[in-house]
Structure formats: structure tokens, C-alpha cells
Amino acid sequence: MSKIDYYELLGVVRGADDKELKSAFRKMAMKYHPDRNPGDASAEARFKEINEAYEILRDPQKRAAYDQFGHAAFENGGGGFGGAAGGFGGGGFHDIFEDLFGEMMGGRGRGRRDGRERGADLRYNMEISLEEAFEGKTADISVPTAISCETCSGTGAKPGSEPKTCATCAGAGRVRASSGFFSIERTCPQCHGRGQVISDPCDDCHGEGRVTRERNLSVNIPAGIEDGVRIRLANEGEAGARGGPNGDLYIFVTVKPHQFFQRDGADLYCRIPISMTTAALGGQLEVGTLDGSKSRVKVPEGTQTGKQFRLRAKGMPVMRTSDFGDLYIQVVTETPQNLTKRQRELLQEFDEISSHENNPESHGFFSRMKKFLDGLAE
């Protein structure tokens, strides 16, 4: 059976540079790697072909010979190169993958050769009120998590015994299989990359080195915290397997909507309805704030709906500073309802004696509207 053209196999043109070759090789090797296609003989065969192609094309001398003579350059010692993958058995193949895939081929195994594994990170959702966000608080929470087994001190082995070095991989966590010129390093199937095996596991944790329990923690919520802020508690996550380091705990804070105040950063907004007479004649409002005090707001005569009044430093504290945002009061004029006969008469009388000066905004609007319509009619 004739071999597939190396360039076609990697999906590159003949003039591809080293960067393009490396990128194409990475993509194809990841796709057909045996660890991603367990038990697939065709994928493993293609994986070998891809590595053979890359080993030839990455070497300038071998590539030049291949470009001139094709596959014949490496058959029966042709071209003086001896064989397509003469350097594979000496570790060249592993060096290529160590460089390209790091963790996939080497890093993951090295990190677990002593059997220790880092615990998973945990998430805890916490909902607080705006008042609590204003003042800050210390919250006591209960988190179900895996903790280090006290019986075996996290080793996973029954007290009096200890994990043993894996005989299959000699503690390396990985094994190498060779087939002719080709060599593949894989995670050890006996110890699953840990480098150790437990022949006599702990009765309480069944060899895991950790058990699930409820943990009680105190969490400091700083004053001024905003909705959606994430608090990280280092090493408070799930315990690592067999004495490995703990993961982290992340507290996701949600601030509940408030019945009076809306928040924008450190500023607060409050919408307050006022009577028509207060808006027309002026007056004073007494407004409660989150710090428990009351502030007076003077409403000038003739105040319009939507007018805002600013109360400096009456907003939210800025987290981990001494600064405060502002409180903005927005007034909305309420139209009278359920009028009595006398109230109606008074309003009608007021309307009759009113002039354009009493309602300049509406008068101006309708004057502009009339001009606009007259212009369309012309």
C-alpha cells in the first residue's frame, strides 16, 4: 500500500514554514492521540503516520530529501538517512511531545507521581440585603466538602501501613510502550499516574485519603461589597487526595433588591412621590438613609417631575476605603385622584385663571407642535 503524502497528511502546503508545520502537527496529533481514542487501532495508526511525517518535515535535510525523492528517500537506507524515524527510539519523539503538549505528555504525570492530588475548588452562593452590604458582616456558613481523613492522616492507607511504589511504572506514574521505531508514553494503568498503590486501604475513606463532611466557616463580608463580587478563601476548598493541597472556596455574593433604594456602584437612587401642591408651592421632605439617619430635602417652588436632589456621602461605602457614594432623590409629582366636588371646583377655577406662564413647558411644546403640523400642510 502506498503511503500518504506527508504534506497532505498534516494538511499543509509544500512551502509551509516551521510554525505552520508545528501548528498543523499539534492539531492532528491531538485529534488522533491514543489517550483520546482508546482502543481505536485506526486512530493509533494515523497517529504514528502523523508523527513520522512531522519528524521528517521538521528536519531541513530530511525534508529536502523527501521533496526530491518522496518516500523512496527513506526506504532501504535510501538517501543516506537510514530510516524515516531513526531518532524516535532515542527519545526524540518524546522530546517533540514534551515541547508541544507539556501537561498532556509529561506535566500531568509528574504532578501526581507522589500520589498527591490537589483538591477541587468549591463555590458557595450567598445572598445578603442592601443593609448588610452597607454595613458589612461576618457570616457563618456550612459547606459540605471533602476533608482530609483523620484516621489515615490523608494517606489513604490503613493505619500501620503505607502506600507502596507502583511495580508497573516504578513510581514514575507513566509507562512507555515501543513498537519498532515508535515509542509512546502513557499514564500507568495500575496506579493511574500516581506512582503509588495502596494494597491495604483505610476503612473510613476507602483509600481516597478524604471523607465528606460539613465544614463551618466564618466569612468576612466587607462594607460596600457589590452584587456579583467573588470572595476567594484560599485552601478552604475540597481536601486534596492522599495528602495533596486543598482547593479554594469561592463565595459568590448576591445583593437582594431593596424596597426603596436602587444602586449604581457606590451611588444610591430613591424615587419619591410628592403632591401637586408641594411641587407647585414648595416644601420639605424627610428622607431616611441606610446609615440610620434622616436628611431633609428642600423642594423649591415649581419643582417638575424627575427633578433630582443630591445628598453627598449618603450612598454606599466604597469597599476597603473611607469614601462614600451619594444619594440621589428623584421626585415624581402625583396627580390627585378621587376628587371631591369642592376639590374639582377649585381645580377648575384654578385652570380658568391660569396663564401660559403657569405652564410654560406644555405651552411651549404645543406651540412647537402647531408649527410642525403647519409646515407639513404647506
# chains A, B, ... in the order shown; residues from 1 in each chain; ligands from 1
$ select_by_dssp --residues "range 100-335 of chain A" --states "helix (DSSP H, G or I)" --output "PyMOL selection string"
chain A and resi 100-101+103-110+130-135+276-281
$ residues_around --residues "Ile147 in chain A" --least-positions-apart "2" --cutoff "8 Å" --atoms "only C-alpha atoms" --output "PyMOL selection string"
chain A and resi 145+149+210-213+238-240
$ residues_around --residues "range 117-134 of chain A" --least-positions-apart "3" --cutoff "7 Å" --atoms "only C-alpha atoms" --output "PyMOL selection string"
chain A and resi 112+137+223-225+237-242+244-256+258+290+316-317
$ residues_around --residues "range 157-160 of chain A" --least-positions-apart "2" --cutoff "10 Å" --atoms "only C-alpha atoms" --output "NGL selection string"
:A and (151-155 or 162-164 or 197-209 or 242)
$ write_last_selection --atoms "N, CA, C and O atoms" --output "JSON list (two decimals), in the first residue's frame"
[["chain", "number", "residue", "atom", "x", "y", "z"],
["A", 151, "THR", "N", -8.42, 9.37, 60.16],
["A", 151, "THR", "CA", -7.98, 8.02, 60.51],
["A", 151, "THR", "C", -6.62, 7.69, 59.90],
["A", 151, "THR", "O", -5.74, 7.14, 60.57],
["A", 152, "CYS", "N", -6.45, 8.02, 58.63],
["A", 152, "CYS", "CA", -5.20, 7.67, 57.93],
["A", 152, "CYS", "C", -4.31, 8.88, 57.68],
["A", 152, "CYS", "O", -3.30, 8.78, 56.97],
["A", 153, "SER", "N", -4.73, 10.05, 58.23],
["A", 153, "SER", "CA", -3.97, 11.31, 58.03],
["A", 153, "SER", "C", -3.84, 11.68, 56.56],
["A", 153, "SER", "O", -2.87, 12.30, 56.14],
["A", 154, "GLY", "N", -4.83, 11.26, 55.79],
["A", 154, "GLY", "CA", -4.87, 11.65, 54.38],
["A", 154, "GLY", "C", -4.08, 10.77, 53.44],
["A", 154, "GLY", "O", -4.05, 11.01, 52.24],
["A", 155, "THR", "N", -3.44, 9.71, 53.93],
["A", 155, "THR", "CA", -2.61, 8.87, 53.06],
["A", 155, "THR", "C", -3.45, 7.89, 52.25],
["A", 155, "THR", "O", -3.03, 7.43, 51.18],
["A", 162, "GLU", "N", 1.34, 1.75, 54.67],
["A", 162, "GLU", "CA", 1.60, 2.94, 53.87],
["A", 162, "GLU", "C", 1.55, 2.59, 52.39],
["A", 162, "GLU", "O", 1.70, 1.42, 52.02],
["A", 163, "PRO", "N", 1.31, 3.57, 51.53],
["A", 163, "PRO", "CA", 1.29, 3.30, 50.09],
["A", 163, "PRO", "C", 2.64, 2.75, 49.63],
["A", 163, "PRO", "O", 3.69, 3.09, 50.18],
["A", 164, "LYS", "N", 2.59, 1.91, 48.61],
["A", 164, "LYS", "CA", 3.82, 1.32, 48.08],
["A", 164, "LYS", "C", 4.07, 1.83, 46.67],
["A", 164, "LYS", "O", 3.14, 2.19, 45.95],
["A", 197, "VAL", "N", 0.60, 2.65, 44.89],
["A", 197, "VAL", "CA", -0.61, 1.84, 45.01],
["A", 197, "VAL", "C", -0.84, 1.57, 46.49],
["A", 197, "VAL", "O", 0.12, 1.52, 47.29],
["A", 198, "ILE", "N", -2.11, 1.42, 46.85],
["A", 198, "ILE", "CA", -2.47, 1.14, 48.24],
["A", 198, "ILE", "C", -3.04, -0.27, 48.30],
["A", 198, "ILE", "O", -4.14, -0.53, 47.81],
["A", 199, "SER", "N", -2.29, -1.16, 48.90],
["A", 199, "SER", "CA", -2.74, -2.55, 48.98],
["A", 199, "SER", "C", -3.69, -2.79, 50.14],
["A", 199, "SER", "O", -4.49, -3.72, 50.12],
["A", 200, "ASP", "N", -3.57, -1.95, 51.18],
["A", 200, "ASP", "CA", -4.43, -2.11, 52.36],
["A", 200, "ASP", "C", -5.09, -0.75, 52.65],
["A", 200, "ASP", "O", -4.61, 0.02, 53.48],
["A", 201, "PRO", "N", -6.21, -0.43, 51.96],
["A", 201, "PRO", "CA", -6.80, 0.90, 52.09],
["A", 201, "PRO", "C", -7.47, 1.15, 53.44],
["A", 201, "PRO", "O", -7.90, 0.22, 54.12],
["A", 202, "CYS", "N", -7.55, 2.41, 53.80],
["A", 202, "CYS", "CA", -8.20, 2.84, 55.03],
["A", 202, "CYS", "C", -9.69, 2.49, 54.98],
["A", 202, "CYS", "O", -10.36, 2.69, 53.96],
["A", 203, "ASP", "N", -10.22, 1.98, 56.09],
["A", 203, "ASP", "CA", -11.62, 1.58, 56.14],
["A", 203, "ASP", "C", -12.57, 2.78, 56.07],
["A", 203, "ASP", "O", -13.69, 2.67, 55.56],
["A", 204, "ASP", "N", -12.14, 3.93, 56.57],
["A", 204, "ASP", "CA", -13.03, 5.10, 56.62],
["A", 204, "ASP", "C", -13.12, 5.84, 55.29],
["A", 204, "ASP", "O", -14.19, 6.30, 54.89],
["A", 205, "CYS", "N", -12.00, 5.98, 54.59],
["A", 205, "CYS", "CA", -12.02, 6.74, 53.33],
["A", 205, "CYS", "C", -11.88, 5.85, 52.11],
["A", 205, "CYS", "O", -11.88, 6.35, 50.97],
["A", 206, "HIS", "N", -11.71, 4.53, 52.32],
["A", 206, "HIS", "CA", -11.59, 3.56, 51.23],
["A", 206, "HIS", "C", -10.45, 3.88, 50.28],
["A", 206, "HIS", "O", -10.57, 3.70, 49.06],
["A", 207, "GLY", "N", -9.37, 4.39, 50.84],
["A", 207, "GLY", "CA", -8.18, 4.62, 50.02],
["A", 207, "GLY", "C", -8.09, 5.99, 49.39],
["A", 207, "GLY", "O", -7.08, 6.34, 48.78],
["A", 208, "GLU", "N", -9.14, 6.81, 49.54],
["A", 208, "GLU", "CA", -9.13, 8.13, 48.91],
["A", 208, "GLU", "C", -8.33, 9.16, 49.71],
["A", 208, "GLU", "O", -7.90, 10.17, 49.18],
["A", 209, "GLY", "N", -8.19, 8.94, 50.99],
["A", 209, "GLY", "CA", -7.47, 9.90, 51.82],
["A", 209, "GLY", "C", -8.32, 11.08, 52.26],
["A", 209, "GLY", "O", -7.82, 12.01, 52.90],
["A", 242, "ARG", "N", -4.96, 11.99, 49.13],
["A", 242, "ARG", "CA", -3.72, 11.42, 49.68],
["A", 242, "ARG", "C", -2.74, 12.49, 50.15],
["A", 242, "ARG", "O", -1.56, 12.48, 49.82]]
$ atom_distance --atom1 "CA of Ala172 in chain A" --atom2 "CA of Asp35 in chain A"
17.7 Å
$ select_by_dssp --residues "range 173-205 of chain A" --states "strand (DSSP E or B)" --output "compact mmCIF listing (two decimals) with C-alpha atoms, in the first residue's frame"
# COMPACT_ATOMS: atom_id res chain seq x y z
CA ARG A 174 3.82 6.61 33.33
CA VAL A 175 4.84 3.63 31.22
CA ARG A 176 6.42 3.54 27.78
CA ALA A 177 5.46 1.10 25.06
CA SER A 178 7.67 0.60 21.97
CA SER A 179 6.79 -0.80 18.58
CA PHE A 182 7.90 4.13 17.58
CA SER A 183 7.56 4.78 21.32
CA ILE A 184 4.52 6.04 23.26
CA GLU A 185 4.43 7.11 26.89
CA ARG A 186 1.11 6.66 28.66
CA THR A 187 -0.39 7.03 32.13
CA GLN A 196 1.90 4.57 44.24
CA VAL A 197 -0.61 1.84 45.01
CA PRO A 201 -6.80 0.90 52.09
$ atom_distance --atom1 "CA of Gly193 in chain A" --atom2 "CA of Cys166 in chain A"
9.6 Å
$ atom_distance --atom1 "CA of Phe324 in chain A" --atom2 "CA of Pro273 in chain A"
25.6 Å
$ closest_atom_pairs --of "range 178-292 of chain A" --to "range 342-366 of chain A" --cutoff "12 Å" --atoms "only C-alpha atoms" --output "tab-separated table"
residue	atom	partner	partner_atom	distance
A:Met276	CA	A:Leu347	CA	11.4
A:Thr277	CA	A:Leu347	CA	11.4
A:Ala280	CA	A:Asn358	CA	9.7
$ decode --residues "range 136-147 of chain A" --atoms "all heavy atoms" --output "compact mmCIF listing (two decimals), in the first residue's frame"
# COMPACT_ATOMS: atom_id res chain seq x y z
N GLY A 136 -21.47 45.76 56.10
CA GLY A 136 -20.55 44.65 56.19
C GLY A 136 -21.00 43.68 57.26
O GLY A 136 -21.81 44.03 58.13
N LYS A 137 -20.51 42.47 57.21
CA LYS A 137 -20.94 41.48 58.21
C LYS A 137 -19.97 40.31 58.25
O LYS A 137 -19.16 40.12 57.32
CB LYS A 137 -22.35 40.97 57.89
CG LYS A 137 -22.44 40.22 56.55
CD LYS A 137 -23.83 39.66 56.28
CE LYS A 137 -24.22 38.58 57.24
NZ LYS A 137 -25.49 37.91 56.88
N THR A 138 -20.09 39.55 59.31
CA THR A 138 -19.39 38.27 59.41
C THR A 138 -20.44 37.18 59.34
O THR A 138 -21.34 37.12 60.20
CB THR A 138 -18.59 38.15 60.71
OG1 THR A 138 -17.59 39.17 60.74
CG2 THR A 138 -17.91 36.80 60.80
N ALA A 139 -20.38 36.37 58.30
CA ALA A 139 -21.39 35.35 58.07
C ALA A 139 -20.83 33.97 58.41
O ALA A 139 -19.70 33.64 58.04
CB ALA A 139 -21.87 35.38 56.63
N ASP A 140 -21.62 33.19 59.13
CA ASP A 140 -21.26 31.80 59.42
C ASP A 140 -21.94 30.91 58.40
O ASP A 140 -23.16 30.95 58.23
CB ASP A 140 -21.71 31.41 60.83
CG ASP A 140 -20.96 32.19 61.91
OD1 ASP A 140 -19.76 32.47 61.70
OD2 ASP A 140 -21.59 32.53 62.93
N ILE A 141 -21.14 30.13 57.67
CA ILE A 141 -21.70 29.27 56.63
C ILE A 141 -21.30 27.82 56.88
O ILE A 141 -20.32 27.54 57.59
CB ILE A 141 -21.22 29.69 55.23
CG1 ILE A 141 -19.69 29.54 55.12
CG2 ILE A 141 -21.63 31.12 54.93
CD1 ILE A 141 -19.17 29.79 53.72
N SER A 142 -22.08 26.92 56.33
CA SER A 142 -21.80 25.49 56.42
C SER A 142 -21.63 24.95 55.01
O SER A 142 -22.53 25.10 54.17
CB SER A 142 -22.95 24.77 57.14
OG SER A 142 -22.68 23.40 57.25
N VAL A 143 -20.48 24.34 54.74
CA VAL A 143 -20.16 23.89 53.39
C VAL A 143 -19.89 22.39 53.39
O VAL A 143 -18.98 21.92 54.10
CB VAL A 143 -18.91 24.62 52.85
CG1 VAL A 143 -18.61 24.18 51.42
CG2 VAL A 143 -19.10 26.12 52.92
N PRO A 144 -20.66 21.61 52.62
CA PRO A 144 -20.35 20.18 52.50
C PRO A 144 -19.13 20.01 51.60
O PRO A 144 -19.12 20.48 50.47
CB PRO A 144 -21.62 19.61 51.84
CG PRO A 144 -22.24 20.75 51.12
CD PRO A 144 -21.88 21.99 51.87
N THR A 145 -18.10 19.38 52.11
CA THR A 145 -16.88 19.27 51.33
C THR A 145 -16.09 18.04 51.75
O THR A 145 -16.36 17.42 52.79
CB THR A 145 -16.00 20.52 51.51
OG1 THR A 145 -14.84 20.41 50.70
CG2 THR A 145 -15.58 20.69 52.96
N ALA A 146 -15.11 17.69 50.95
CA ALA A 146 -14.21 16.59 51.28
C ALA A 146 -13.08 17.14 52.13
O ALA A 146 -12.44 18.12 51.78
CB ALA A 146 -13.66 15.95 50.02
N ILE A 147 -12.86 16.51 53.28
CA ILE A 147 -11.77 16.91 54.16
C ILE A 147 -10.80 15.75 54.32
O ILE A 147 -11.13 14.60 54.02
CB ILE A 147 -12.29 17.35 55.55
CG1 ILE A 147 -12.99 16.18 56.25
CG2 ILE A 147 -13.24 18.53 55.42
CD1 ILE A 147 -13.38 16.48 57.69
